[in-house]
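> Structure: my_file_7.cif, mmCIF, C-alpha atoms.
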```cif
data_upload
loop_
_atom_site.label_atom_id
_atom_site.label_comp_id
_atom_site.auth_asym_id
_atom_site.auth_seq_id
_atom_site.Cartn_x
_atom_site.Cartn_y
_atom_site.Cartn_z
CA GLU B 10 -14.03 -8.52 -10.87
CA ALA B 11 -13.06 -6.59 -13.97
CA GLY B 12 -11.32 -3.28 -13.45
CA VAL B 13 -11.93 0.02 -15.20
CA VAL B 14 -11.69 -0.49 -18.94
CA GLN B 15 -10.55 2.22 -21.31
CA SER B 16 -10.11 2.34 -25.04
CA PRO B 17 -8.21 3.00 -27.10
CA ARG B 18 -4.92 2.64 -25.21
CA TYR B 19 -3.04 4.83 -27.65
CA LYS B 20 -4.14 7.43 -30.17
CA ILE B 21 -2.14 9.59 -32.55
CA ILE B 22 -3.96 12.33 -34.42
CA GLU B 23 -3.14 15.53 -36.25
CA LYS B 24 -4.10 18.83 -34.69
CA LYS B 25 -7.60 20.07 -35.45
CA GLN B 26 -8.88 16.49 -35.74
CA PRO B 27 -11.52 15.12 -33.35
CA VAL B 28 -10.85 12.27 -30.93
CA ALA B 29 -12.96 10.28 -28.48
CA PHE B 30 -12.10 8.15 -25.49
CA TRP B 31 -14.32 5.50 -23.94
CA CYS B 32 -14.50 4.27 -20.36
CA ASN B 33 -16.38 1.41 -18.71
CA PRO B 34 -16.22 1.72 -14.91
CA ILE B 35 -16.31 -1.07 -12.37
CA SER B 36 -19.79 -2.51 -12.13
CA GLY B 37 -21.89 -0.77 -9.50
CA HIS B 38 -19.63 2.27 -9.16
CA ASN B 39 -21.75 5.40 -9.16
CA THR B 40 -19.01 7.99 -9.40
CA LEU B 41 -16.88 8.34 -12.51
CA TYR B 42 -13.95 10.67 -13.08
CA TRP B 43 -12.01 11.78 -16.12
CA TYR B 44 -8.50 13.04 -15.47
CA ARG B 45 -5.72 14.36 -17.62
CA GLN B 46 -2.16 13.52 -16.66
CA ASN B 47 0.76 15.33 -18.22
CA LEU B 48 4.26 13.89 -18.08
CA GLY B 49 5.73 14.23 -14.60
CA GLN B 50 2.49 15.52 -13.12
CA GLY B 51 -0.32 14.12 -11.04
CA PRO B 52 -3.79 13.53 -12.48
CA GLU B 53 -5.86 16.69 -12.93
CA LEU B 54 -9.63 16.39 -12.79
CA LEU B 55 -11.55 17.24 -15.94
CA ILE B 56 -15.04 16.11 -14.97
CA ARG B 57 -16.79 14.08 -12.28
CA TYR B 58 -20.08 12.25 -12.67
CA GLU B 59 -22.38 10.97 -9.99
CA ASN B 60 -24.55 8.49 -11.83
CA GLU B 61 -25.44 10.26 -15.07
CA GLU B 62 -25.10 13.79 -13.71
CA ALA B 63 -21.95 15.85 -14.26
CA VAL B 64 -21.48 17.37 -10.80
CA ASP B 65 -18.07 18.97 -11.32
CA ASP B 66 -16.95 20.09 -14.77
CA SER B 67 -15.29 23.32 -13.70
CA GLN B 68 -11.91 22.24 -15.09
CA LEU B 69 -13.24 20.96 -18.42
CA PRO B 70 -12.28 23.24 -21.35
CA LYS B 71 -15.80 23.44 -22.67
CA ASP B 72 -14.90 25.14 -25.92
CA ARG B 73 -13.37 21.92 -27.21
CA PHE B 74 -14.03 19.16 -24.67
CA SER B 75 -17.30 17.38 -24.07
CA ALA B 76 -18.30 14.33 -22.10
CA GLU B 77 -21.31 12.18 -21.54
CA ARG B 78 -22.30 9.29 -19.32
CA LEU B 79 -25.38 7.66 -20.68
CA LYS B 80 -27.50 5.61 -18.28
CA GLY B 81 -24.94 6.24 -15.55
CA VAL B 82 -22.55 3.53 -16.74
CA ASP B 83 -20.15 3.98 -19.67
CA SER B 84 -18.70 7.37 -20.44
CA THR B 85 -17.17 9.07 -23.45
CA LEU B 86 -14.82 12.04 -23.47
CA LYS B 87 -14.43 13.94 -26.72
CA ILE B 88 -12.04 16.60 -27.94
CA GLN B 89 -12.86 18.62 -31.03
CA PRO B 90 -10.69 20.07 -32.41
CA ALA B 91 -7.54 18.71 -30.78
CA GLU B 92 -4.59 21.00 -30.13
CA LEU B 93 -0.92 20.19 -29.63
CA GLY B 94 -1.24 20.94 -25.92
CA ASP B 95 -3.84 18.21 -25.52
CA SER B 96 -1.13 15.55 -25.76
CA ALA B 97 -1.36 13.71 -22.44
CA VAL B 98 -2.67 10.55 -20.81
CA TYR B 99 -6.41 10.60 -20.21
CA LEU B 100 -7.37 8.53 -17.20
CA CYS B 101 -10.79 7.30 -16.22
CA ALA B 102 -11.49 6.32 -12.62
CA SER B 103 -14.50 5.16 -10.67
CA SER B 104 -15.55 5.05 -7.03
CA PRO B 105 -18.13 2.82 -5.37
CA SER B 106 -20.32 5.50 -3.85
CA THR B 107 -20.92 9.16 -3.37
CA GLY B 108 -20.06 10.95 -0.15
CA ASP B 109 -16.71 10.66 1.64
CA LEU B 110 -14.37 8.65 -0.49
CA TYR B 111 -10.94 7.17 -0.29
CA GLU B 112 -11.30 4.44 -2.88
CA GLN B 113 -10.73 5.38 -6.47
CA TYR B 114 -9.91 2.82 -9.12
CA PHE B 115 -8.14 3.87 -12.27
CA GLY B 116 -8.10 2.46 -15.74
CA PRO B 117 -4.86 2.11 -17.73
CA GLY B 118 -5.41 5.40 -19.53
CA THR B 119 -5.41 6.53 -23.14
CA ARG B 120 -2.15 8.07 -24.30
CA LEU B 121 -2.98 10.82 -26.79
CA THR B 122 -0.37 12.31 -29.09
CA VAL B 123 -1.38 15.31 -31.18
CA THR B 124 1.01 16.10 -34.05
CA GLN L 163 -0.45 27.83 -3.68
CA LYS L 164 -1.19 24.29 -4.77
CA GLU L 165 -3.46 22.21 -2.56
CA VAL L 166 -0.89 19.40 -2.41
CA GLU L 167 2.88 19.68 -2.75
CA GLN L 168 5.12 16.72 -3.42
CA ASP L 169 8.83 16.57 -4.21
CA PRO L 170 9.08 15.04 -7.71
CA GLY L 171 12.50 13.46 -7.09
CA PRO L 172 13.75 11.41 -8.78
CA LEU L 173 14.80 9.26 -5.86
CA SER L 174 17.27 6.41 -6.31
CA VAL L 175 18.08 3.96 -3.50
CA PRO L 176 19.85 0.59 -3.18
CA GLU L 177 17.81 -2.53 -2.62
CA GLY L 178 16.98 -3.03 1.04
CA ALA L 179 17.02 0.66 1.91
CA ILE L 180 14.25 2.44 3.82
CA VAL L 181 12.46 4.93 1.60
CA SER L 182 10.65 8.02 2.87
CA LEU L 183 8.20 9.84 0.61
CA ASN L 184 6.44 13.00 1.73
CA CYS L 185 3.71 15.47 0.88
CA THR L 186 2.47 18.69 2.39
CA TYR L 187 -0.97 20.18 1.96
CA SER L 188 -2.77 23.42 2.63
CA ASN L 189 -6.42 22.50 3.26
CA SER L 190 -7.00 21.45 6.86
CA ALA L 191 -10.42 20.04 5.90
CA PHE L 192 -8.96 17.06 4.03
CA GLN L 193 -10.24 13.85 5.60
CA TYR L 194 -8.70 10.91 3.77
CA PHE L 195 -5.06 10.65 2.82
CA MET L 196 -4.03 8.16 0.15
CA TRP L 197 -0.92 6.86 -1.49
CA TYR L 198 -1.04 5.56 -5.04
CA ARG L 199 1.63 3.68 -6.94
CA GLN L 200 1.91 4.16 -10.68
CA TYR L 201 4.06 1.96 -12.85
CA SER L 202 5.17 3.24 -16.23
CA ARG L 203 2.33 3.31 -18.76
CA LYS L 204 -0.21 2.15 -16.18
CA GLY L 205 -2.94 3.85 -14.21
CA PRO L 206 -2.41 4.68 -10.53
CA GLU L 207 -3.32 1.93 -8.05
CA LEU L 208 -4.29 2.58 -4.45
CA LEU L 209 -1.63 1.41 -1.98
CA MET L 210 -2.92 2.67 1.33
CA TYR L 211 -5.27 5.18 2.84
CA THR L 212 -5.53 6.80 6.27
CA TYR L 213 -8.44 8.59 7.80
CA SER L 214 -7.48 11.68 9.81
CA SER L 215 -4.23 11.53 11.79
CA GLY L 216 -2.14 8.58 12.79
CA ASN L 217 -0.19 5.69 11.37
CA LYS L 218 -1.18 2.71 9.30
CA GLU L 219 1.00 -0.26 8.46
CA ASP L 220 0.60 -2.80 5.67
CA GLY L 221 3.50 -5.18 5.24
CA ARG L 222 6.57 -3.19 4.26
CA PHE L 223 4.57 0.02 3.88
CA THR L 224 3.71 2.53 6.62
CA ALA L 225 1.64 5.65 6.09
CA GLN L 226 1.75 8.53 8.55
CA VAL L 227 -0.45 11.61 8.77
CA ASP L 228 0.37 14.65 10.90
CA LYS L 229 -2.60 16.97 10.56
CA SER L 230 -1.11 19.58 12.88
CA SER L 231 1.80 20.02 10.46
CA LYS L 232 -0.26 19.23 7.32
CA TYR L 233 2.31 16.63 6.40
CA ILE L 234 1.99 13.03 5.29
CA SER L 235 4.61 10.36 4.72
CA LEU L 236 4.95 6.93 3.21
CA PHE L 237 7.76 4.68 4.41
CA ILE L 238 8.89 1.62 2.50
CA ARG L 239 11.03 -0.84 4.41
CA ASP L 240 13.37 -3.34 2.76
CA SER L 241 12.78 -1.73 -0.62
CA GLN L 242 12.73 -4.03 -3.65
CA PRO L 243 13.39 -3.40 -7.34
CA SER L 244 9.69 -4.10 -7.90
CA ASP L 245 8.93 -0.98 -5.82
CA SER L 246 10.39 1.15 -8.62
CA ALA L 247 7.50 3.35 -9.69
CA THR L 248 6.02 6.80 -9.25
CA TYR L 249 4.29 7.34 -5.92
CA LEU L 250 1.43 9.80 -5.81
CA CYS L 251 -0.06 11.20 -2.65
CA ALA L 252 -3.69 12.20 -2.74
CA MET L 253 -6.20 13.73 -0.38
CA SER L 254 -9.95 13.79 -0.46
CA LEU L 255 -12.67 16.07 0.71
CA GLY L 256 -16.06 14.52 0.15
CA ASN L 257 -15.71 12.92 -3.28
CA GLN L 258 -13.12 15.36 -4.60
CA PHE L 259 -9.55 14.12 -4.89
CA TYR L 260 -6.42 16.24 -4.98
CA PHE L 261 -3.18 14.68 -6.20
CA GLY L 262 0.46 15.52 -5.72
CA THR L 263 2.77 15.56 -8.71
CA GLY L 264 4.29 12.19 -7.81
CA THR L 265 7.79 11.11 -6.73
CA SER L 266 9.71 8.84 -9.08
CA LEU L 267 11.48 6.05 -7.16
CA THR L 268 14.11 3.67 -8.51
CA VAL L 269 15.37 0.79 -6.35
CA ILE L 270 18.71 -0.45 -7.62
CA PRO L 271 19.43 -4.19 -7.23
#
```
Can you present the structure in this file as structure tokens?

Amino acid sequence: EAGVVQSPRYKIIEKKQPVAFWCNPISGHNTLYWYRQNLGQGPELLIRYENEEAVDDSQLPKDRFSAERLKGVDSTLKIQPAELGDSAVYLCASSPSTGDLYEQYFGPGTRLTVT
Amino acid sequence: QKEVEQDPGPLSVPEGAIVSLNCTYSNSAFQYFMWYRQYSRKGPELLMYTYSSGNKEDGRFTAQVDKSSKYISLFIRDSQPSDSATYLCAMSLGNQFYFGTGTSLTVIP
């Protein structure tokens, strides 16, 4: 079974430029998460989807970040415009069902550097 | 106060040592307690999970949860150089996950 796929793996952009990250979760997983992980820190939730509905986006900086999950499968996270402080690893994760969860499967992440 | 507190280390031990990693938490409603291992430039991978209090053993790894003290531990016996990684504790409430900052572990051959 394929794991969570993310692309690109690395991205270097100048500040004020837009950037997009793509995630394909494990087949059949209804819940999808986007996290941001800064160096030496744990993952911090940006947005959580259950199927195609964003059920928790309270930590998403909505002035510059947007996300979508079309048809409840793949998801895209966008930043426009990027700022220096957005440099981090962006992780996508998926879980097999809604409700009480302990299983969460992560992709390899996209390492973003904003110069 | 953060929901989950974890000593970031770094922790360095000789091969074969017993390693103890710990987290404390503030929300008594947490139900599942997880440990993730994260190698450099990789995503976290689930090592073990425990529901409510008690112990769980899987090979060289033992997870303990003490809900009365709001304290969880991961023990690694006979540590190996391949165990060198960052270990993240996590807790869940429904389908919300809360992560510690991670403890960096190096096992020296």
> Only residues of chain L matter here; which ones have an atom within 9 Å of chain B, counting all atoms listed in the file? Give them as a ChimeraX atom specification.
/L:170,193-196,203-208,211-213,250-251,253-266
> Just checking: using only C-alpha atoms, which residue out of B:Ala91, B:Ala29, B:Val123, B:Ile35 ends up closest to B:Glu77?
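When distances to B:Glu77 are compared using only C-alpha atoms, the smallest one comes from B:Ala29.
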> May I ask which of the residues B:Ile88, B:Glu61, B:Ser36, B:Thr122 is the closest one to B:Ser75, counting all atoms listed in the file?
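Nearest candidate to B:Ser75 out of B:Ile88, B:Glu61, B:Ser36, B:Thr122: B:Ile88.
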> Can you tell me, as lines of an AutoDock Vina configuration file, the centre and edge lengths (Å, one decimal) of the axis-aligned box enclosing all of stretch 97-112 of chain B's listed atoms after padding each side by 3 Å?

```
center_x = -11.1
center_y = 8.3
center_z = -10.4
size_x = 25.6
size_y = 16.9
size_z = 30.1
```
> Given the choices B:Gln68, B:Gln26, B:Asn60, B:Thr124, which gets closest to B:Trp43 if the distance is worked out from all atoms listed in the file?
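Smallest distance to B:Trp43 is found for B:Gln68.
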> Mind checking which residues fall within 7 Å of stretch 221-223 of chain L, counting only C-alpha atoms, ignoring those fewer than 5 positions away in the same chain, and posting them as a count of residues only?
5
